[in-house]
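Structure data (compact mmCIF, N, CA and C atoms) from structure02.txt:
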# COMPACT_ATOMS: atom_id res chain seq x y z
N MET T 1 182.57 25.01 117.57
CA MET T 1 182.84 25.81 118.74
C MET T 1 183.98 26.80 118.52
N LYS T 2 184.81 26.55 117.54
CA LYS T 2 185.96 27.42 117.33
C LYS T 2 185.54 28.85 117.01
N TYR T 3 184.32 29.05 116.53
CA TYR T 3 183.88 30.39 116.15
C TYR T 3 183.32 31.21 117.30
N LEU T 4 183.00 30.59 118.42
CA LEU T 4 182.36 31.33 119.52
C LEU T 4 183.27 32.41 120.10
N GLN T 5 184.54 32.11 120.21
CA GLN T 5 185.51 33.03 120.80
C GLN T 5 185.48 34.38 120.10
N GLY T 6 185.39 35.47 120.87
CA GLY T 6 185.51 36.79 120.28
C GLY T 6 184.33 37.70 120.54
N TYR T 7 184.20 38.70 119.68
CA TYR T 7 183.23 39.78 119.85
C TYR T 7 182.02 39.60 118.95
N TRP T 8 180.83 39.77 119.53
CA TRP T 8 179.57 39.61 118.81
C TRP T 8 178.66 40.79 119.08
N GLU T 9 178.01 41.27 118.02
CA GLU T 9 177.11 42.41 118.12
C GLU T 9 175.67 41.93 117.92
N ILE T 10 174.79 42.28 118.86
CA ILE T 10 173.40 41.87 118.74
C ILE T 10 172.78 42.54 117.52
N HIS T 11 172.08 41.75 116.74
CA HIS T 11 171.42 42.27 115.54
C HIS T 11 169.90 42.30 115.72
N LYS T 12 169.37 41.23 116.33
CA LYS T 12 167.92 41.13 116.42
C LYS T 12 167.54 40.23 117.58
N VAL T 13 166.40 40.56 118.21
CA VAL T 13 165.78 39.70 119.21
C VAL T 13 164.38 39.39 118.72
N ALA T 14 164.04 38.10 118.68
CA ALA T 14 162.69 37.67 118.31
C ALA T 14 161.98 37.19 119.57
N PHE T 15 160.80 37.72 119.81
CA PHE T 15 160.02 37.38 120.99
C PHE T 15 159.07 36.22 120.69
N SER T 16 158.62 35.54 121.74
CA SER T 16 157.78 34.36 121.56
C SER T 16 156.44 34.68 120.90
N ASP T 17 156.00 35.96 120.94
CA ASP T 17 154.74 36.34 120.28
C ASP T 17 154.92 36.64 118.79
N GLY T 18 156.14 36.46 118.28
CA GLY T 18 156.40 36.68 116.86
C GLY T 18 156.94 38.06 116.53
N THR T 19 156.93 39.00 117.48
CA THR T 19 157.48 40.33 117.22
C THR T 19 158.99 40.28 117.30
N GLU T 20 159.62 41.27 116.68
CA GLU T 20 161.08 41.35 116.67
C GLU T 20 161.55 42.76 116.98
N LYS T 21 162.72 42.85 117.55
CA LYS T 21 163.38 44.13 117.76
C LYS T 21 164.73 44.05 117.06
N THR T 22 164.95 44.96 116.11
CA THR T 22 166.21 45.00 115.37
C THR T 22 167.07 46.14 115.90
N TYR T 23 168.36 45.89 116.00
CA TYR T 23 169.31 46.87 116.50
C TYR T 23 170.16 47.37 115.34
N ALA T 24 170.02 48.65 115.00
CA ALA T 24 170.81 49.23 113.91
C ALA T 24 172.22 49.56 114.38
N ALA T 25 172.35 49.97 115.61
CA ALA T 25 173.66 50.32 116.18
C ALA T 25 173.65 49.96 117.66
N ASN T 26 174.82 49.62 118.18
CA ASN T 26 174.94 49.21 119.58
C ASN T 26 176.09 49.95 120.25
N THR T 27 175.89 50.34 121.48
CA THR T 27 176.98 50.95 122.24
C THR T 27 177.78 49.90 123.00
N THR T 28 177.21 48.71 123.17
CA THR T 28 177.94 47.61 123.80
C THR T 28 177.87 46.38 122.91
N ILE T 29 178.86 45.53 123.04
CA ILE T 29 178.89 44.27 122.32
C ILE T 29 179.22 43.17 123.32
N GLU T 30 179.00 41.93 122.92
CA GLU T 30 179.26 40.78 123.78
C GLU T 30 180.63 40.19 123.43
N PHE T 31 181.39 39.87 124.47
CA PHE T 31 182.66 39.19 124.28
C PHE T 31 182.55 37.81 124.92
N PHE T 32 182.83 36.76 124.14
CA PHE T 32 182.82 35.39 124.63
C PHE T 32 184.26 34.90 124.69
N ASP T 33 184.63 34.32 125.82
CA ASP T 33 185.95 33.73 125.99
C ASP T 33 185.76 32.37 126.63
N TRP T 34 186.33 31.35 126.05
CA TRP T 34 186.18 30.02 126.64
C TRP T 34 187.43 29.20 126.39
N ASN T 35 187.59 28.21 127.25
CA ASN T 35 188.74 27.32 127.17
C ASN T 35 188.25 25.94 127.59
N GLY T 36 188.07 25.08 126.65
CA GLY T 36 187.56 23.75 126.97
C GLY T 36 186.06 23.77 127.17
N ARG T 37 185.60 23.53 128.40
CA ARG T 37 184.18 23.46 128.68
C ARG T 37 183.65 24.66 129.47
N SER T 38 184.51 25.61 129.79
CA SER T 38 184.03 26.75 130.57
C SER T 38 184.68 28.04 130.06
N GLY T 39 184.12 29.14 130.50
CA GLY T 39 184.62 30.44 130.11
C GLY T 39 183.74 31.52 130.67
N TYR T 40 183.62 32.62 129.95
CA TYR T 40 182.78 33.71 130.41
C TYR T 40 182.27 34.53 129.24
N ARG T 41 181.29 35.35 129.56
CA ARG T 41 180.69 36.28 128.60
C ARG T 41 180.62 37.62 129.31
N LYS T 42 180.95 38.68 128.59
CA LYS T 42 180.86 40.01 129.21
C LYS T 42 180.53 41.05 128.16
N LYS T 43 179.93 42.13 128.62
CA LYS T 43 179.63 43.26 127.75
C LYS T 43 180.82 44.20 127.75
N VAL T 44 181.17 44.68 126.56
CA VAL T 44 182.26 45.65 126.42
C VAL T 44 181.78 46.78 125.53
N GLN T 45 182.45 47.92 125.66
CA GLN T 45 182.12 49.08 124.83
C GLN T 45 183.29 49.39 123.92
N PRO T 46 183.09 49.30 122.61
CA PRO T 46 184.17 49.66 121.70
C PRO T 46 184.40 51.17 121.71
N THR T 47 185.65 51.58 121.57
CA THR T 47 186.00 52.99 121.51
C THR T 47 186.43 53.34 120.09
N LEU T 48 186.54 54.61 119.81
CA LEU T 48 186.87 55.05 118.46
C LEU T 48 188.31 54.76 118.06
N ASP T 49 189.16 54.41 119.03
CA ASP T 49 190.55 54.09 118.69
C ASP T 49 190.78 52.58 118.55
N GLY T 50 189.68 51.80 118.49
CA GLY T 50 189.80 50.37 118.27
C GLY T 50 189.99 49.56 119.53
N LYS T 51 189.94 50.17 120.70
CA LYS T 51 190.08 49.47 121.98
C LYS T 51 188.69 49.25 122.58
N TYR T 52 188.64 48.65 123.77
CA TYR T 52 187.37 48.35 124.42
C TYR T 52 187.39 48.80 125.88
N LEU T 53 186.28 49.39 126.31
CA LEU T 53 186.08 49.68 127.72
C LEU T 53 185.35 48.50 128.32
N THR T 54 185.80 48.06 129.47
CA THR T 54 185.20 46.89 130.09
C THR T 54 185.24 47.01 131.60
N SER T 55 184.54 46.14 132.25
CA SER T 55 184.56 46.07 133.71
C SER T 55 184.85 44.63 134.10
N ASP T 56 184.81 44.35 135.37
CA ASP T 56 185.10 42.99 135.85
C ASP T 56 183.83 42.16 136.01
N ASP T 57 182.77 42.49 135.29
CA ASP T 57 181.48 41.83 135.46
C ASP T 57 181.28 40.63 134.54
N ALA T 58 182.28 39.81 134.38
CA ALA T 58 182.19 38.64 133.50
C ALA T 58 181.17 37.65 134.06
N LEU T 59 180.38 37.09 133.17
CA LEU T 59 179.35 36.13 133.52
C LEU T 59 179.88 34.72 133.24
N PRO T 60 180.05 33.89 134.28
CA PRO T 60 180.58 32.55 134.06
C PRO T 60 179.72 31.77 133.06
N MET T 61 180.39 31.00 132.20
CA MET T 61 179.71 30.27 131.14
C MET T 61 180.26 28.84 131.09
N GLU T 62 179.35 27.90 130.89
CA GLU T 62 179.72 26.50 130.75
C GLU T 62 179.23 25.99 129.39
N ILE T 63 180.06 25.23 128.70
CA ILE T 63 179.69 24.64 127.42
C ILE T 63 179.07 23.27 127.70
N LEU T 64 177.85 23.05 127.21
CA LEU T 64 177.12 21.82 127.48
C LEU T 64 176.67 21.18 126.17
N TRP T 65 176.83 19.86 126.06
CA TRP T 65 176.33 19.11 124.91
C TRP T 65 175.28 18.14 125.42
N ARG T 66 174.07 18.20 124.85
CA ARG T 66 173.01 17.27 125.19
C ARG T 66 172.28 16.88 123.91
N ASP T 67 172.13 15.59 123.67
CA ASP T 67 171.42 15.09 122.49
C ASP T 67 171.96 15.72 121.20
N LYS T 68 173.28 15.82 121.13
CA LYS T 68 173.97 16.40 119.97
C LYS T 68 173.62 17.85 119.72
N ARG T 69 173.17 18.55 120.78
CA ARG T 69 172.84 19.97 120.70
C ARG T 69 173.76 20.73 121.66
N LEU T 70 174.14 21.92 121.25
CA LEU T 70 175.07 22.74 122.02
C LEU T 70 174.30 23.78 122.84
N PHE T 71 174.63 23.86 124.12
CA PHE T 71 174.03 24.84 125.02
C PHE T 71 175.14 25.62 125.73
N LEU T 72 174.84 26.88 126.02
CA LEU T 72 175.71 27.71 126.85
C LEU T 72 174.98 27.91 128.16
N GLY T 73 175.59 27.47 129.25
CA GLY T 73 174.99 27.62 130.58
C GLY T 73 175.61 28.81 131.29
N PHE T 74 174.75 29.66 131.86
CA PHE T 74 175.22 30.88 132.53
C PHE T 74 174.77 30.90 133.98
N THR T 75 175.60 31.48 134.83
CA THR T 75 175.28 31.65 136.22
C THR T 75 175.41 33.13 136.56
N GLY T 76 174.26 33.78 136.83
CA GLY T 76 174.26 35.19 137.21
C GLY T 76 174.31 35.32 138.72
N SER T 77 174.17 36.54 139.21
CA SER T 77 174.26 36.77 140.65
C SER T 77 173.15 36.07 141.42
N ASP T 78 171.97 35.93 140.82
CA ASP T 78 170.88 35.28 141.53
C ASP T 78 170.05 34.35 140.64
N THR T 79 170.58 33.99 139.48
CA THR T 79 169.82 33.14 138.57
C THR T 79 170.76 32.34 137.67
N GLU T 80 170.23 31.27 137.12
CA GLU T 80 170.95 30.44 136.15
C GLU T 80 170.06 30.25 134.94
N TRP T 81 170.65 30.16 133.75
CA TRP T 81 169.87 29.92 132.55
C TRP T 81 170.77 29.32 131.48
N GLU T 82 170.13 28.84 130.43
CA GLU T 82 170.84 28.27 129.29
C GLU T 82 170.37 28.93 128.02
N GLU T 83 171.25 28.92 127.03
CA GLU T 83 170.92 29.35 125.69
C GLU T 83 171.38 28.24 124.74
N GLU T 84 170.46 27.75 123.92
CA GLU T 84 170.84 26.75 122.92
C GLU T 84 171.42 27.46 121.71
N VAL T 85 172.55 27.00 121.23
CA VAL T 85 173.18 27.57 120.05
C VAL T 85 172.54 26.92 118.83
N LEU T 86 171.79 27.71 118.06
CA LEU T 86 171.11 27.21 116.87
C LEU T 86 171.94 27.38 115.61
N GLU T 87 172.77 28.43 115.60
CA GLU T 87 173.66 28.69 114.46
C GLU T 87 174.94 29.28 114.99
N LEU T 88 176.06 28.81 114.47
CA LEU T 88 177.36 29.35 114.83
C LEU T 88 178.31 29.11 113.67
N ASP T 89 178.75 30.21 113.06
CA ASP T 89 179.79 30.13 112.05
C ASP T 89 180.68 31.35 112.22
N SER T 90 181.52 31.62 111.28
CA SER T 90 182.49 32.71 111.45
C SER T 90 181.84 34.09 111.52
N LEU T 91 180.62 34.24 111.02
CA LEU T 91 179.97 35.56 110.96
C LEU T 91 178.66 35.65 111.72
N ASN T 92 178.04 34.53 112.08
CA ASN T 92 176.70 34.54 112.67
C ASN T 92 176.61 33.66 113.91
N LEU T 93 175.84 34.14 114.88
CA LEU T 93 175.54 33.39 116.09
C LEU T 93 174.07 33.61 116.40
N THR T 94 173.33 32.51 116.55
CA THR T 94 171.93 32.59 116.94
C THR T 94 171.73 31.67 118.13
N THR T 95 171.13 32.22 119.21
CA THR T 95 170.88 31.42 120.40
C THR T 95 169.41 31.53 120.79
N LEU T 96 168.91 30.47 121.40
CA LEU T 96 167.55 30.45 121.93
C LEU T 96 167.65 30.38 123.44
N HIS T 97 167.25 31.46 124.09
CA HIS T 97 167.29 31.56 125.55
C HIS T 97 166.23 30.64 126.14
N SER T 98 166.47 30.13 127.34
CA SER T 98 165.49 29.25 127.98
C SER T 98 164.17 29.95 128.24
N ASN T 99 164.13 31.29 128.18
CA ASN T 99 162.88 32.03 128.35
C ASN T 99 162.12 32.22 127.03
N GLY T 100 162.64 31.66 125.93
CA GLY T 100 161.96 31.71 124.65
C GLY T 100 162.44 32.80 123.71
N LEU T 101 163.32 33.69 124.15
CA LEU T 101 163.83 34.76 123.28
C LEU T 101 164.90 34.20 122.34
N LEU T 102 164.81 34.60 121.07
CA LEU T 102 165.76 34.18 120.05
C LEU T 102 166.68 35.36 119.75
N TYR T 103 167.98 35.19 120.02
CA TYR T 103 168.96 36.26 119.82
C TYR T 103 169.79 35.98 118.57
N THR T 104 169.92 36.98 117.71
CA THR T 104 170.74 36.87 116.51
C THR T 104 171.87 37.89 116.62
N TYR T 105 173.10 37.39 116.50
CA TYR T 105 174.30 38.22 116.58
C TYR T 105 175.05 38.16 115.27
N ASN T 106 175.80 39.22 115.00
CA ASN T 106 176.76 39.24 113.89
C ASN T 106 178.15 39.41 114.48
N ARG T 107 179.13 38.81 113.82
CA ARG T 107 180.52 38.98 114.27
C ARG T 107 180.84 40.47 114.26
N TYR T 108 181.39 40.98 115.34
CA TYR T 108 181.73 42.40 115.42
C TYR T 108 183.06 42.64 114.73
N GLU T 109 183.05 43.62 113.87
CA GLU T 109 184.28 44.04 113.18
C GLU T 109 184.72 45.36 113.79
N PRO T 110 185.85 45.39 114.49
CA PRO T 110 186.29 46.64 115.12
C PRO T 110 186.65 47.69 114.08
N PHE T 111 186.50 48.92 114.49
CA PHE T 111 186.86 50.04 113.62
C PHE T 111 187.75 50.98 114.42
N SER T 112 188.44 51.83 113.72
CA SER T 112 189.33 52.78 114.39
C SER T 112 189.38 54.06 113.57
N LEU T 113 189.33 55.18 114.28
CA LEU T 113 189.46 56.48 113.63
C LEU T 113 190.89 56.98 113.68
N LYS T 114 191.78 56.15 114.19
CA LYS T 114 193.19 56.54 114.24
C LYS T 114 193.73 56.65 112.81
N THR T 115 194.63 57.59 112.62
CA THR T 115 195.26 57.74 111.31
C THR T 115 196.74 57.34 111.43
N ASP T 116 197.40 57.22 110.31
CA ASP T 116 198.81 56.82 110.31
C ASP T 116 199.70 57.82 111.04
N HIS T 117 199.30 59.07 111.12
CA HIS T 117 200.16 60.08 111.76
C HIS T 117 199.73 60.37 113.20
N ASP T 118 198.84 59.53 113.79
CA ASP T 118 198.47 59.71 115.20
C ASP T 118 199.59 59.28 116.12

Whole structure given in structure tokens:
Amino acid sequence: MKYLQGYWEIHKVAFSDGTEKTYAANTTIEFFDWNGRSGYRKKVQPTLDGKYLTSDDALPMEILWRDKRLFLGFTGSDTEWEEEVLELDSLNLTTLHSNGLLYTYNRYEPFSLKTDHD
């Protein structure tokens, strides 16, 4: 669980029919923040100076363990769902949404166009 905290960039979505959508570049990334058994997930936009644009639209998240399997439980404005964590290490995150979609993320590495004389 120690690796979940931080910024993740979607790399690929696999659909239940076997098709996949790969993302070469993203304008938004996912930020996961948790403390103990709860936390939140939110979309943020990285800027060219290494900062992030964000809003107050954090999605509440609960950490759940069942049958030695890790799940992330989410509560949206009008729906609830879970994602099973299939892989989690320092660079990769793969989750299986309760609707059958398989999400593959890579750890986001921030970049900055700032120079030493800025």

> With all atoms listed in the file as the atoms that count, which of T:Met61, T:Lys21, T:Trp8, T:Leu48 lies nearest to Trp34 (chain T)?
Replying inline: T:Met61

> What's the 7 Å shell around Tyr40 (chain T), counting only N, CA and C atoms, without same-chain residues fewer than 2 positions away, as a list in words?
Replying inline: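 Result of the neighbour search: Phe31, Phe32, Asp33, Trp34, Asn35, Ser38, Lys42, Ala58, Leu59, Pro60, Met61 and Glu62 of chain T.
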
Contacts of Trp81 (chain T) at 6.5 Å (all atoms listed in the file; same-chain gap of 5+ positions) as a PDB file with N, CA and C atoms, in the coordinates of the input:
ATOM      1  N   LEU T  72     174.840  26.880 126.020  1.00  0.00           N
ATOM      2  CA  LEU T  72     175.710  27.710 126.850  1.00  0.00           C
ATOM      3  C   LEU T  72     174.980  27.910 128.160  1.00  0.00           C
ATOM      4  N   GLY T  73     175.590  27.470 129.250  1.00  0.00           N
ATOM      5  CA  GLY T  73     174.990  27.620 130.580  1.00  0.00           C
ATOM      6  C   GLY T  73     175.610  28.810 131.290  1.00  0.00           C
ATOM      7  N   PHE T  74     174.750  29.660 131.860  1.00  0.00           N
ATOM      8  CA  PHE T  74     175.220  30.880 132.530  1.00  0.00           C
ATOM      9  C   PHE T  74     174.770  30.900 133.980  1.00  0.00           C
ATOM     10  N   THR T  75     175.600  31.480 134.830  1.00  0.00           N
ATOM     11  CA  THR T  75     175.280  31.650 136.220  1.00  0.00           C
ATOM     12  C   THR T  75     175.410  33.130 136.560  1.00  0.00           C
ATOM     13  N   GLY T  76     174.260  33.780 136.830  1.00  0.00           N
ATOM     14  CA  GLY T  76     174.260  35.190 137.210  1.00  0.00           C
ATOM     15  C   GLY T  76     174.310  35.320 138.720  1.00  0.00           C
ATOM     16  N   SER T  98     166.470  30.130 127.340  1.00  0.00           N
ATOM     17  CA  SER T  98     165.490  29.250 127.980  1.00  0.00           C
ATOM     18  C   SER T  98     164.170  29.950 128.240  1.00  0.00           C
TER      19      SER T  98
END

>> Counting all atoms listed in the file, which residues have an atom no more than 7 Å from (170.4, 22.8, 123.2) in the file's coordinates? Please list them as number ranges by chain.
In response: T: 66, 68-72, 83-85

> Could you work out how far CA of Val13 (chain T) lies from CA of Ser77 (chain T), giving the answer in Å with one decimal?
Replying inline: 23.2 Å

>> DSSP on the backbone, strand (DSSP E or B) only: what residues of chain T does that give? Format it as an NGL selection string.
In response: :T and (6-14 or 20-22 or 29-35 or 38-46 or 52-53 or 59-66 or 69-75 or 80-88 or 92-97 or 102-107)

List the neighbours of Tyr105 (chain T) out to 5 Å using all atoms listed in the file; skip same-chain residues closer than 6 positions along the sequence, and give me the result as a PDB file with N, CA and C atoms, in the frame of the given file.
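Written file, out-v9.pdb:
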ATOM      1  N   GLU T   9     178.010  41.270 118.020  1.00  0.00           N
ATOM      2  CA  GLU T   9     177.110  42.410 118.120  1.00  0.00           C
ATOM      3  C   GLU T   9     175.670  41.930 117.920  1.00  0.00           C
ATOM      4  N   ILE T  10     174.790  42.280 118.860  1.00  0.00           N
ATOM      5  CA  ILE T  10     173.400  41.870 118.740  1.00  0.00           C
ATOM      6  C   ILE T  10     172.780  42.540 117.520  1.00  0.00           C
ATOM      7  N   HIS T  11     172.080  41.750 116.740  1.00  0.00           N
ATOM      8  CA  HIS T  11     171.420  42.270 115.540  1.00  0.00           C
ATOM      9  C   HIS T  11     169.900  42.300 115.720  1.00  0.00           C
ATOM     10  N   ASN T  92     178.040  34.530 112.080  1.00  0.00           N
ATOM     11  CA  ASN T  92     176.700  34.540 112.670  1.00  0.00           C
ATOM     12  C   ASN T  92     176.610  33.660 113.910  1.00  0.00           C
ATOM     13  N   LEU T  93     175.840  34.140 114.880  1.00  0.00           N
ATOM     14  CA  LEU T  93     175.540  33.390 116.090  1.00  0.00           C
ATOM     15  C   LEU T  93     174.070  33.610 116.400  1.00  0.00           C
ATOM     16  N   THR T  94     173.330  32.510 116.550  1.00  0.00           N
ATOM     17  CA  THR T  94     171.930  32.590 116.940  1.00  0.00           C
ATOM     18  C   THR T  94     171.730  31.670 118.130  1.00  0.00           C
TER      19      THR T  94
END

> Distance atom C of His97 (chain T)-atom N of Asp67 (chain T), one decimal place?
Replying inline: 16.4 Å

> Can you tell me, as a VMD selection string, which residues sit within 6.5 Å of (176.4, 44.1, 122.7) in the file's frame, using all atoms listed in the file?
Replying inline: chain T and resid 8 to 10 26 to 30 43 to 44

Just write the chosen residues, N, CA and C atoms, as an mmCIF file, keeping the file's coordinate frame.
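To be explicit, this is the file written out as selection25.cif:
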data_model
loop_
_atom_site.group_PDB
_atom_site.id
_atom_site.type_symbol
_atom_site.label_atom_id
_atom_site.label_comp_id
_atom_site.auth_asym_id
_atom_site.auth_seq_id
_atom_site.Cartn_x
_atom_site.Cartn_y
_atom_site.Cartn_z
ATOM 1 N N TRP T 8 180.830 39.770 119.530
ATOM 2 C CA TRP T 8 179.570 39.610 118.810
ATOM 3 C C TRP T 8 178.660 40.790 119.080
ATOM 4 N N GLU T 9 178.010 41.270 118.020
ATOM 5 C CA GLU T 9 177.110 42.410 118.120
ATOM 6 C C GLU T 9 175.670 41.930 117.920
ATOM 7 N N ILE T 10 174.790 42.280 118.860
ATOM 8 C CA ILE T 10 173.400 41.870 118.740
ATOM 9 C C ILE T 10 172.780 42.540 117.520
ATOM 10 N N ASN T 26 174.820 49.620 118.180
ATOM 11 C CA ASN T 26 174.940 49.210 119.580
ATOM 12 C C ASN T 26 176.090 49.950 120.250
ATOM 13 N N THR T 27 175.890 50.340 121.480
ATOM 14 C CA THR T 27 176.980 50.950 122.240
ATOM 15 C C THR T 27 177.780 49.900 123.000
ATOM 16 N N THR T 28 177.210 48.710 123.170
ATOM 17 C CA THR T 28 177.940 47.610 123.800
ATOM 18 C C THR T 28 177.870 46.380 122.910
ATOM 19 N N ILE T 29 178.860 45.530 123.040
ATOM 20 C CA ILE T 29 178.890 44.270 122.320
ATOM 21 C C ILE T 29 179.220 43.170 123.320
ATOM 22 N N GLU T 30 179.000 41.930 122.920
ATOM 23 C CA GLU T 30 179.260 40.780 123.780
ATOM 24 C C GLU T 30 180.630 40.190 123.430
ATOM 25 N N LYS T 43 179.930 42.130 128.620
ATOM 26 C CA LYS T 43 179.630 43.260 127.750
ATOM 27 C C LYS T 43 180.820 44.200 127.750
ATOM 28 N N VAL T 44 181.170 44.680 126.560
ATOM 29 C CA VAL T 44 182.260 45.650 126.420
ATOM 30 C C VAL T 44 181.780 46.780 125.530
#

Kindly list the centre and edge lengths in Å, rounded to one decimal, for the axis-aligned box that covers all listed atoms of region 21-33 of chain T plus 5 Å on each of its six sides, as JSON.
{"center_x": 174.3, "center_y": 41.7, "center_z": 120.3, "size_x": 33.2, "size_y": 28.6, "size_z": 22.7}

> With all atoms listed in the file as the atoms that count, which of T:Leu53, T:Ala14, T:Leu4, T:Ala25 lies nearest to Gly100 (chain T)?
Replying inline: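 Nearest to Gly100 (chain T): T:Ala14.
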
> Taking into account only C-alpha atoms, which residue in the set T:Gly36, T:Thr19, T:Pro110, T:Glu82 is nearest to Leu96 (chain T)?
Replying inline: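 Answer, going by the shortest atom-to-atom distance: T:Glu82.
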
>> Between CA of Arg41 (chain T) and atom N of Thr22 (chain T), what distance in Å does the model show, to one decimal?
In response: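 Atom-to-atom, CA of Arg41 (chain T) and atom N of Thr22 (chain T) are spaced 21.9 Å apart.
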
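The shortest atom-to-atom distance to Lys2 (chain T), with only C-alpha atoms taken into account, belongs to T:Ser90 out of T:Ser90, T:Asp56, T:Thr79, T:Asp49.
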
> T:Tyr108, T:Tyr52, T:Trp65, T:Tyr7: which is nearest Arg37 (chain T), counting only C-alpha atoms?
Replying inline: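 For Arg37 (chain T), the nearest of the given residues is T:Trp65.
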
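Among the candidates T:Leu91, T:Asp78, T:Asn106, T:Gly39, the one nearest to Ile63 (chain T) when counting all atoms listed in the file is T:Gly39.
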